[in-house]
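One structure is given below, encoded as structure tokens.
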Amino acid sequence: MSNIPIFLSSDNNYAPFVATTMASILDNTKSFVDFYILDGGISKDNEEKICELKKQFSNFSIEFLKINIDKVFSKIDYSSAQDYISISTYNRFLIPDLKPNIDKALYSDVDVIFMDDIKKMYEEKLHEYSLGAIWEEYSEDCGNNEKKERMEISKGHKFFSAGNLLIDCKKWRENEITNKLFNIVYKYNDRLVFHDMDVLNKYFDNNYKILSPKYCWINQDYEFYGQPKEQIVIRHFNGSVKPWQIAPELKENPKLTFTLDKNKFWHYAKMTSFYDMLIKQITYRTNVDLHKFLVFKLLQERKDANTR
């Protein structure tokens with residue numbers, strides 16, 4: 001059985017979630033996993049805490065790949081980006097070139113947990129495609145149209161998420177896709193809103209393998225599809241409220257889809273050396289706290305709508 005290479009990207013602030021994602025992967029597979037951390041500034045102390053997963057799991061290796069952001073992304077004007085998006089989001093473009101001996105790899109954001117075997121996604125067939133990704137079907141009749149028009153993408157293209165990707169690294173290198181992606185960044189810089197996702201969808205316009213939503217199950221999927229027909233492999237906690245902000249003892253609420261599966265997040269967070277720190281940093285400790293947030297969010301959305 002061959003090892004499964006997976007690339008995760010993080011700065012120092014997201015180090016606890018690298019460890020949590022890793023724990024969820026390792027707890028759900030018998031495969032040996034090679035982790036490559038696209039390191040945007042993780043401290044030595046946090047590196048050591050991540051590596052403490054070795055005390056519980058033996059089926060993995062880990063390598064921190066230092067990315068010189070100032071050098072690699074020096075030509076990119078990032079001044080207009082939203083505060084919550086880091087320029088290191090483009091790290092995923094570098095994956096095939098960072099490890100030229102790897103022919104196939106997975107990429108995952110770290111606001112996720114794996115709920116089934118990573119091997120299932122890794123063994124999906126890409127056939128002639130360089131990329132496998134998950135179509136954002138829930139947004140096809142609303143937000144996706146705006147994205148496609150803004151980025152001059154074909155109307156028939158199925159806009160996909162950039163959070164969980166299956167990459168044919170060999171084809172990627174043969175077609176020099178990394179350079180082509182950065183050329184899109186330079187050309188469309190003033191149009192980019194979702195940055196790496198905008199750029200990937202522009203390049204892979206109608207030319208990628210559509211994978212099942214079970215490989216990137218997001219909050220909106222519970223509303224759009226209802227309960228999943230298959231076991232979720234990757235639960236991606238998209239949106240402004242993350243499970244680590246919500247106290248473990250609060251009940252999951254089907255009407256608040258961002259709370260669903262948060263208990264599984266805390267289950268895996270407890271396997272890491274970051275658990276006690278995360279517990280201390282919780283934002284929403286009561287249902288009243290959550291209610292206040294939702295009222296504020298609703299008022300803000302109405303304000304934004306009135307100013308458009």
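We name chains A, B, ... following the order of the structure tokens; residues begin at 1 in each chain, and ligands are numbered from 1 as shown.
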
Test item: residues at most 8 Å from A:Gly41, only C-alpha atoms, excluding those fewer than 2 positions along its chain, as a ChimeraX atom specification
/A:10-12,39,43,66

Show which residues sit within 10 Å of A:Lys125, as JSON, numbers by chain. Count only C-alpha atoms, and ignore same-chain residues fewer than 6 positions away.
{"A": [132, 166, 168, 209, 211]}

Grab the residues selected above and save them as a PDB file, in the first residue's frame with N, CA, C and O atoms.
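Done, and the output landed in part33.pdb:
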```pdb
ATOM      1  N   GLY A 132      -9.213  17.396  -9.323  1.00  0.00           N
ATOM      2  CA  GLY A 132     -10.528  16.977  -8.874  1.00  0.00           C
ATOM      3  C   GLY A 132     -10.974  17.919  -7.774  1.00  0.00           C
ATOM      4  O   GLY A 132     -10.205  18.243  -6.872  1.00  0.00           O
ATOM      5  N   LEU A 166      -7.966  17.326  -5.130  1.00  0.00           N
ATOM      6  CA  LEU A 166      -7.183  16.157  -5.516  1.00  0.00           C
ATOM      7  C   LEU A 166      -6.397  16.547  -6.761  1.00  0.00           C
ATOM      8  O   LEU A 166      -6.982  16.956  -7.768  1.00  0.00           O
ATOM      9  N   ASP A 168      -3.441  15.892  -9.742  1.00  0.00           N
ATOM     10  CA  ASP A 168      -2.494  15.086 -10.514  1.00  0.00           C
ATOM     11  C   ASP A 168      -1.253  15.954 -10.698  1.00  0.00           C
ATOM     12  O   ASP A 168      -1.185  16.788 -11.616  1.00  0.00           O
ATOM     13  N   LYS A 209     -12.320  17.410 -12.804  1.00  0.00           N
ATOM     14  CA  LYS A 209     -13.158  16.260 -12.426  1.00  0.00           C
ATOM     15  C   LYS A 209     -14.025  16.666 -11.228  1.00  0.00           C
ATOM     16  O   LYS A 209     -13.516  17.071 -10.180  1.00  0.00           O
ATOM     17  N   LEU A 211     -16.028  16.000  -8.103  1.00  0.00           N
ATOM     18  CA  LEU A 211     -16.073  14.970  -7.066  1.00  0.00           C
ATOM     19  C   LEU A 211     -17.329  15.137  -6.209  1.00  0.00           C
ATOM     20  O   LEU A 211     -17.941  16.204  -6.179  1.00  0.00           O
TER      21      LEU A 211
END
```

Using only C-alpha atoms, determine which residues lie at most 10 Å from A:Ala19, disregarding the query and same-chain residues fewer than 3 positions distant; provide the list as number ranges by chain.
A: 14-16, 22-25, 46-47, 49-53, 110, 268-269, 271-274

Counting only C-alpha atoms, what is within 10 Å of stretch 28-36 of chain A, bar same-chain residues fewer than 2 positions away, as a count of residues only?
38

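Residues in contact with A:Pro213 at 10 Å, where only C-alpha atoms are counted and same-chain residues fewer than 2 positions away are skipped, are listed as Ala133, Ile134, Trp135, Glu136, Glu137, Ile210, Leu211, Tyr215, Cys216, Trp217, Ile218, Asp221, Tyr225, Pro228, Glu230, Ile232, Val233, Ile234 and Arg235 of chain A.
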
Same residues, C-alpha atoms, output as a PDB file, in the first residue's frame:
```
ATOM      1  CA  ALA A 133     -12.711  19.365  -6.869  1.00  0.00           C
ATOM      2  CA  ILE A 134     -16.186  19.778  -5.371  1.00  0.00           C
ATOM      3  CA  TRP A 135     -18.827  21.786  -7.208  1.00  0.00           C
ATOM      4  CA  GLU A 136     -20.591  24.470  -5.116  1.00  0.00           C
ATOM      5  CA  GLU A 137     -23.985  23.391  -6.409  1.00  0.00           C
ATOM      6  CA  ILE A 210     -16.262  16.919 -10.324  1.00  0.00           C
ATOM      7  CA  LEU A 211     -16.073  14.970  -7.066  1.00  0.00           C
ATOM      8  CA  TYR A 215     -15.409  15.308   0.093  1.00  0.00           C
ATOM      9  CA  CYS A 216     -16.143  18.914   1.105  1.00  0.00           C
ATOM     10  CA  TRP A 217     -19.438  18.955   2.986  1.00  0.00           C
ATOM     11  CA  ILE A 218     -20.096  22.558   4.020  1.00  0.00           C
ATOM     12  CA  ASP A 221     -25.025  21.491   2.018  1.00  0.00           C
ATOM     13  CA  TYR A 225     -29.133  18.488   0.088  1.00  0.00           C
ATOM     14  CA  PRO A 228     -26.080  13.349   3.205  1.00  0.00           C
ATOM     15  CA  GLU A 230     -23.327   8.919   1.799  1.00  0.00           C
ATOM     16  CA  ILE A 232     -19.292  12.446   4.846  1.00  0.00           C
ATOM     17  CA  VAL A 233     -15.553  12.073   4.309  1.00  0.00           C
ATOM     18  CA  ILE A 234     -14.576  15.718   4.901  1.00  0.00           C
ATOM     19  CA  ARG A 235     -16.629  18.191   6.920  1.00  0.00           C
TER      20      ARG A 235
END
```

For atom CA of A:Ser108 and atom CA of A:Gly163, the interatomic separation in Å (one decimal):
5.6 Å

Write out as a PyMOL selection string the residues lying within 12 Å of stretch 139-142 of chain A, counting only C-alpha atoms and excluding same-chain residues fewer than 4 positions away.
chain A and resi 135+146-149+155-161+218+220-221+223-224

Pull N, CA, C and O atoms from the residues just selected and write them as a short mmCIF file (atom, residue, chain, number, x, y, z; two decimals), in the first residue's frame.
```
data_model
loop_
_atom_site.label_atom_id
_atom_site.label_comp_id
_atom_site.auth_asym_id
_atom_site.auth_seq_id
_atom_site.Cartn_x
_atom_site.Cartn_y
_atom_site.Cartn_z
N TRP A 135 -17.95 20.76 -6.66
CA TRP A 135 -18.83 21.79 -7.21
C TRP A 135 -19.66 22.41 -6.09
O TRP A 135 -20.27 21.71 -5.29
N GLU A 146 -22.33 35.51 -10.40
CA GLU A 146 -21.56 36.74 -10.24
C GLU A 146 -20.07 36.44 -10.36
O GLU A 146 -19.32 37.20 -11.01
N LYS A 147 -19.62 35.35 -9.76
CA LYS A 147 -18.21 34.98 -9.80
C LYS A 147 -17.76 34.72 -11.24
O LYS A 147 -16.69 35.18 -11.66
N LYS A 148 -18.57 33.99 -11.98
CA LYS A 148 -18.21 33.65 -13.35
C LYS A 148 -18.17 34.89 -14.25
O LYS A 148 -17.27 35.04 -15.08
N GLU A 149 -19.12 35.79 -14.06
CA GLU A 149 -19.14 37.01 -14.86
C GLU A 149 -17.93 37.89 -14.53
O GLU A 149 -17.27 38.42 -15.43
N LYS A 155 -20.30 30.45 -18.79
CA LYS A 155 -21.55 30.34 -18.02
C LYS A 155 -21.84 28.91 -17.60
O LYS A 155 -22.45 28.65 -16.57
N GLY A 156 -21.41 27.94 -18.41
CA GLY A 156 -21.69 26.54 -18.11
C GLY A 156 -20.73 25.91 -17.11
O GLY A 156 -20.93 24.76 -16.70
N HIS A 157 -19.71 26.65 -16.71
CA HIS A 157 -18.73 26.12 -15.75
C HIS A 157 -19.36 25.92 -14.38
O HIS A 157 -20.16 26.74 -13.92
N LYS A 158 -19.02 24.82 -13.74
CA LYS A 158 -19.52 24.54 -12.40
C LYS A 158 -18.47 25.01 -11.39
O LYS A 158 -17.44 24.37 -11.21
N PHE A 159 -18.74 26.13 -10.75
CA PHE A 159 -17.78 26.77 -9.86
C PHE A 159 -17.51 25.88 -8.65
O PHE A 159 -18.43 25.42 -7.98
N PHE A 160 -16.23 25.65 -8.37
CA PHE A 160 -15.88 24.70 -7.31
C PHE A 160 -15.16 25.37 -6.15
O PHE A 160 -14.60 26.46 -6.26
N SER A 161 -15.19 24.68 -5.02
CA SER A 161 -14.49 25.13 -3.82
C SER A 161 -13.00 24.83 -3.95
O SER A 161 -12.61 23.82 -4.55
N ILE A 218 -20.11 21.26 3.35
CA ILE A 218 -20.10 22.56 4.02
C ILE A 218 -21.45 22.84 4.68
O ILE A 218 -22.41 22.08 4.51
N GLN A 220 -23.82 24.98 4.06
CA GLN A 220 -24.96 25.13 3.16
C GLN A 220 -25.46 23.81 2.59
O GLN A 220 -26.60 23.70 2.15
N ASP A 221 -24.61 22.78 2.57
CA ASP A 221 -25.02 21.49 2.02
C ASP A 221 -26.13 20.85 2.85
O ASP A 221 -26.97 20.11 2.32
N GLU A 223 -28.53 22.47 4.15
CA GLU A 223 -29.76 23.13 3.72
C GLU A 223 -30.13 22.72 2.29
O GLU A 223 -31.31 22.53 1.98
N PHE A 224 -29.13 22.57 1.43
CA PHE A 224 -29.37 22.31 0.01
C PHE A 224 -29.72 20.84 -0.25
O PHE A 224 -30.68 20.53 -0.96
#
```

Got a sec to tell me which of stretch 48-255 of chain A DSSP assigns to helix (DSSP H, G or I), as a ChimeraX atom specification?
/A:48-55,69-72,87-98,118-122,137-139,143-150,169-174,177-187,189-191,196-203,213-215,219-224,243-245

Please identify which residues in stretch 10-191 of chain A DSSP calls strand (DSSP E or B) from the backbone, and express them as a PyMOL selection string.
chain A and resi 10+33-39+60-66+104-108+112-114+131-135+160+164-168

Pick out the residues sitting within 10 Å of stretch 196-204 of chain A, and hand them over as JSON, numbers by chain; count only C-alpha atoms, and ignore anything fewer than 6 positions along from it in its own chain.
{"A": [87, 88, 89, 90, 91, 92, 93, 129, 130, 131, 147, 148, 150, 151, 152, 153, 154, 157, 158, 159, 160, 161, 162, 163, 177, 180, 181, 182, 183, 184, 185, 188, 189]}

Dump as a short mmCIF file (atom, residue, chain, number, x, y, z; two decimals), in the first residue's frame, selection limited to C-alpha atoms:
```cif
data_model
loop_
_atom_site.label_atom_id
_atom_site.label_comp_id
_atom_site.auth_asym_id
_atom_site.auth_seq_id
_atom_site.Cartn_x
_atom_site.Cartn_y
_atom_site.Cartn_z
CA ILE A 87 -1.72 35.90 0.92
CA SER A 88 -0.55 32.42 1.94
CA THR A 89 -3.85 31.20 0.47
CA TYR A 90 -1.89 30.99 -2.80
CA ASN A 91 0.48 28.40 -1.29
CA ARG A 92 -1.63 25.59 -2.74
CA PHE A 93 -0.57 26.66 -6.26
CA TYR A 129 -7.94 15.82 -15.64
CA SER A 130 -5.23 17.56 -13.60
CA LEU A 131 -7.63 18.46 -10.81
CA LYS A 147 -18.21 34.98 -9.80
CA LYS A 148 -18.21 33.65 -13.35
CA ARG A 150 -16.53 38.87 -12.81
CA MET A 151 -13.75 36.43 -13.77
CA GLU A 152 -14.85 35.98 -17.41
CA ILE A 153 -15.56 32.28 -16.90
CA SER A 154 -17.91 30.24 -19.12
CA HIS A 157 -18.73 26.12 -15.75
CA LYS A 158 -19.52 24.54 -12.40
CA PHE A 159 -17.78 26.77 -9.86
CA PHE A 160 -15.88 24.70 -7.31
CA SER A 161 -14.49 25.13 -3.82
CA ALA A 162 -10.71 25.47 -3.39
CA GLY A 163 -10.71 24.03 0.13
CA ILE A 177 0.01 25.18 -14.36
CA LYS A 180 -0.32 30.00 -15.56
CA LEU A 181 -2.21 30.45 -12.29
CA PHE A 182 0.06 33.28 -11.18
CA ASN A 183 -0.35 34.93 -14.59
CA ILE A 184 -4.09 34.94 -13.91
CA VAL A 185 -3.45 36.53 -10.50
CA TYR A 188 -7.16 39.82 -12.79
CA ASN A 189 -5.79 41.18 -9.52
#
```

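Here the question is which of A:Asn144, A:Leu165, A:Glu123, A:Trp266 gets nearest to A:Tyr208 using only C-alpha atoms, and that residue is A:Leu165.
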